file input-v4.pdb (PDB, C-alpha atoms, pLDDT in the B column)
ATOM      1  CA  MET A 101     100.410 127.129 125.430  1.00 56.00           C
ATOM      2  CA  ALA A 102     101.798 129.103 122.488  1.00 75.00           C
ATOM      3  CA  LEU A 103     103.809 127.208 119.917  1.00 82.00           C
ATOM      4  CA  SER A 104     107.367 128.334 119.333  1.00 92.00           C
ATOM      5  CA  VAL A 105     108.940 128.429 115.893  1.00 92.00           C
ATOM      6  CA  GLU A 106     111.166 125.540 116.959  1.00 91.00           C
ATOM      7  CA  MET A 107     108.165 123.434 117.988  1.00 93.00           C
ATOM      8  CA  VAL A 108     106.345 124.122 114.724  1.00 92.00           C
ATOM      9  CA  ALA A 109     109.492 123.333 112.709  1.00 92.00           C
ATOM     10  CA  GLU A 110     110.013 120.075 114.584  1.00 93.00           C
ATOM     11  CA  GLU A 111     106.423 119.015 113.884  1.00 93.00           C
ATOM     12  CA  ALA A 112     106.701 120.079 110.238  1.00 93.00           C
ATOM     13  CA  MET A 113     109.778 117.892 109.751  1.00 94.00           C
ATOM     14  CA  ASN A 114     107.576 114.869 110.530  1.00 95.00           C
ATOM     15  CA  LEU A 115     105.348 115.599 107.527  1.00 94.00           C
ATOM     16  CA  PRO A 116     105.876 113.671 104.294  1.00 92.00           C
ATOM     17  CA  THR A 117     107.805 115.474 101.556  1.00 91.00           C
ATOM     18  CA  SER A 118     104.635 116.585  99.786  1.00 90.00           C
ATOM     19  CA  GLY A 119     103.242 118.013 103.015  1.00 91.00           C
ATOM     20  CA  ARG A 120     106.431 119.950 103.736  1.00 92.00           C
ATOM     21  CA  ALA A 121     106.401 121.326 100.175  1.00 90.00           C
ATOM     22  CA  LEU A 122     102.800 122.479 100.559  1.00 91.00           C
ATOM     23  CA  LEU A 123     103.630 124.100 103.893  1.00 93.00           C
ATOM     24  CA  VAL A 124     106.543 125.975 102.319  1.00 91.00           C
ATOM     25  CA  GLU A 125     104.277 127.218  99.529  1.00 87.00           C
ATOM     26  CA  LYS A 126     101.719 128.472 102.041  1.00 89.00           C
ATOM     27  CA  LEU A 127     104.350 130.208 104.169  1.00 90.00           C
ATOM     28  CA  LEU A 128     105.964 131.874 101.162  1.00 85.00           C
ATOM     29  CA  ALA A 129     102.580 132.998  99.882  1.00 81.00           C
ATOM     30  CA  SER A 130     101.878 134.597 103.244  1.00 85.00           C
ATOM     31  CA  LEU A 131     105.051 136.675 102.904  1.00 84.00           C
ATOM     32  CA  SER A 132     104.885 137.695  99.286  1.00 73.00           C
ATOM     33  CA  GLY A 133     101.558 139.510  99.149  1.00 72.00           C
ATOM     34  CA  GLU A 134      99.731 139.818  95.839  1.00 74.00           C
ATOM     35  CA  ALA A 135     101.062 137.650  93.022  1.00 73.00           C
ATOM     36  CA  ASP A 136     100.794 138.308  89.322  1.00 82.00           C
ATOM     37  CA  PRO A 137      97.939 136.022  88.174  1.00 86.00           C
ATOM     38  CA  THR A 138      99.864 135.009  85.042  1.00 92.00           C
ATOM     39  CA  VAL A 139     102.906 133.995  87.078  1.00 88.00           C
ATOM     40  CA  GLU A 140     100.720 132.253  89.631  1.00 85.00           C
ATOM     41  CA  ARG A 141      98.966 130.230  86.874  1.00 90.00           C
ATOM     42  CA  ALA A 142     102.314 129.262  85.307  1.00 94.00           C
ATOM     43  CA  HIS A 143     103.634 128.178  88.696  1.00 91.00           C
ATOM     44  CA  LEU A 144     100.552 126.070  89.450  1.00 90.00           C
ATOM     45  CA  ASP A 145     100.741 124.465  85.995  1.00 94.00           C
ATOM     46  CA  GLU A 146     104.383 123.551  86.605  1.00 96.00           C
ATOM     47  CA  VAL A 147     103.583 122.094  90.029  1.00 93.00           C
ATOM     48  CA  ARG A 148     100.789 119.991  88.527  1.00 93.00           C
ATOM     49  CA  GLU A 149     103.048 118.743  85.713  1.00 96.00           C
ATOM     50  CA  ARG A 150     105.790 117.779  88.162  1.00 94.00           C
ATOM     51  CA  ARG A 151     103.325 116.083  90.506  1.00 92.00           C
ATOM     52  CA  ALA A 152     101.884 114.093  87.555  1.00 94.00           C
ATOM     53  CA  ALA A 153     105.390 113.099  86.439  1.00 96.00           C
ATOM     54  CA  VAL A 154     106.152 111.743  89.904  1.00 94.00           C
ATOM     55  CA  SER A 155     102.785 109.975  90.161  1.00 94.00           C
ATOM     56  CA  SER A 156     103.249 108.310  86.766  1.00 96.00           C
ATOM     57  CA  GLY A 157     106.800 107.208  87.542  1.00 95.00           C
ATOM     58  CA  LYS A 158     108.296 109.437  84.835  1.00 97.00           C
ATOM     59  CA  SER A 159     110.175 111.351  87.553  1.00 94.00           C
ATOM     60  CA  ARG A 160     111.137 110.566  91.113  1.00 93.00           C
ATOM     61  CA  LEU A 161     111.610 112.660  94.213  1.00 93.00           C
ATOM     62  CA  VAL A 162     115.058 112.758  95.756  1.00 93.00           C
ATOM     63  CA  GLU A 163     116.199 113.947  99.143  1.00 93.00           C
ATOM     64  CA  GLY A 164     118.050 117.254  99.212  1.00 93.00           C
ATOM     65  CA  THR A 165     121.362 115.668 100.155  1.00 93.00           C
ATOM     66  CA  GLU A 166     121.172 113.320  97.174  1.00 94.00           C
ATOM     67  CA  ALA A 167     120.323 116.201  94.823  1.00 94.00           C
ATOM     68  CA  ILE A 168     123.279 118.244  96.072  1.00 94.00           C
ATOM     69  CA  ARG A 169     125.628 115.258  95.784  1.00 94.00           C
ATOM     70  CA  THR A 170     124.484 114.623  92.198  1.00 94.00           C
ATOM     71  CA  ALA A 171     124.831 118.298  91.247  1.00 94.00           C
ATOM     72  CA  ARG A 172     128.329 118.530  92.737  1.00 95.00           C
ATOM     73  CA  ALA A 173     129.412 115.388  90.911  1.00 94.00           C
ATOM     74  CA  ALA A 174     128.105 116.814  87.625  1.00 94.00           C
ATOM     75  CA  VAL A 175     130.025 120.073  88.168  1.00 95.00           C
ATOM     76  CA  ARG A 176     133.252 118.175  88.836  1.00 92.00           C
ATOM     77  CA  LYS A 177     133.038 116.341  85.471  1.00 85.00           C
TER      78      LYS A 177
END
call {"tool": "encode", "arguments": {"input": "input-v4.pdb", "output": "structure tokens"}}
result
Amino acid sequence: MALSVEMVAEEAMNLPTSGRALLVEKLLASLSGEADPTVERAHLDEVRERRAAVSSGKSRLVEGTEAIRTARAAVRK
């Protein structure tokens, strides 16, 4: 049985945040074609730095709704 986009999306939503982020990266990479190696290296370095910051407790992940709420509150000030 072939998987529909809806079925794949539903399954993907059950992944942890890090898994969903990795899936998004893979899907975007499949659409974008060849990347500039310098840009790709800078992007990977940034991802590693952010992942290390979360792992060390220096930063924390927030759900999208919380991030939007915080950003809107900051704009209103």
call {"tool": "closest_residue", "arguments": {"input": "input-v4.pdb", "among": "A:Leu131, A:Ala167, A:Ser118, A:Pro137", "to": "Ser155 of chain A", "atoms": "all atoms listed in the file"}}
result
A:Ser118
call {"tool": "residues_around", "arguments": {"input": "input-v4.pdb", "residues": "Ala109 of chain A", "least_positions_apart": "5", "cutoff": "12 Å", "atoms": "only C-alpha atoms", "output": "number ranges by chain"}}
result
A: 103-104, 114-115, 120, 123-124
call {"tool": "atom_distance", "arguments": {"input": "input-v4.pdb", "atom1": "atom CA of Glu140 of chain A", "atom2": "atom CA of Leu161 of chain A"}}
result
22.9 Å
call {"tool": "closest_residue", "arguments": {"input": "input-v4.pdb", "among": "A:Thr138, A:Thr117, A:Leu127, A:Arg150", "to": "Val162 of chain A", "atoms": "all atoms listed in the file"}}
result
A:Thr117
call {"tool": "closest_residue", "arguments": {"input": "input-v4.pdb", "among": "A:Ala153, A:Val147, A:Asp136, A:Arg141", "to": "Ala121 of chain A", "atoms": "all atoms listed in the file"}}
result
A:Val147
call {"tool": "atom_distance", "arguments": {"input": "input-v4.pdb", "atom1": "atom CA of Ala129 of chain A", "atom2": "atom CA of Leu144 of chain A"}}
result
12.7 Å
call {"tool": "closest_residue", "arguments": {"input": "input-v4.pdb", "among": "A:Ala135, A:Ser156, A:Arg151, A:Glu110", "to": "Leu122 of chain A", "atoms": "all atoms listed in the file"}}
result
A:Arg151
call {"tool": "atom_distance", "arguments": {"input": "input-v4.pdb", "atom1": "atom CA of Arg172 of chain A", "atom2": "atom CA of Met113 of chain A"}}
result
25.2 Å
call {"tool": "axis_aligned_box", "arguments": {"input": "input-v4.pdb", "around": "segment 156-174 of chain A", "padding_each_side": "5 Å", "output": "JSON"}}
result
{"center_x": 116.3, "center_y": 112.9, "center_z": 92.5, "size_x": 36.2, "size_y": 21.3, "size_z": 25.3}
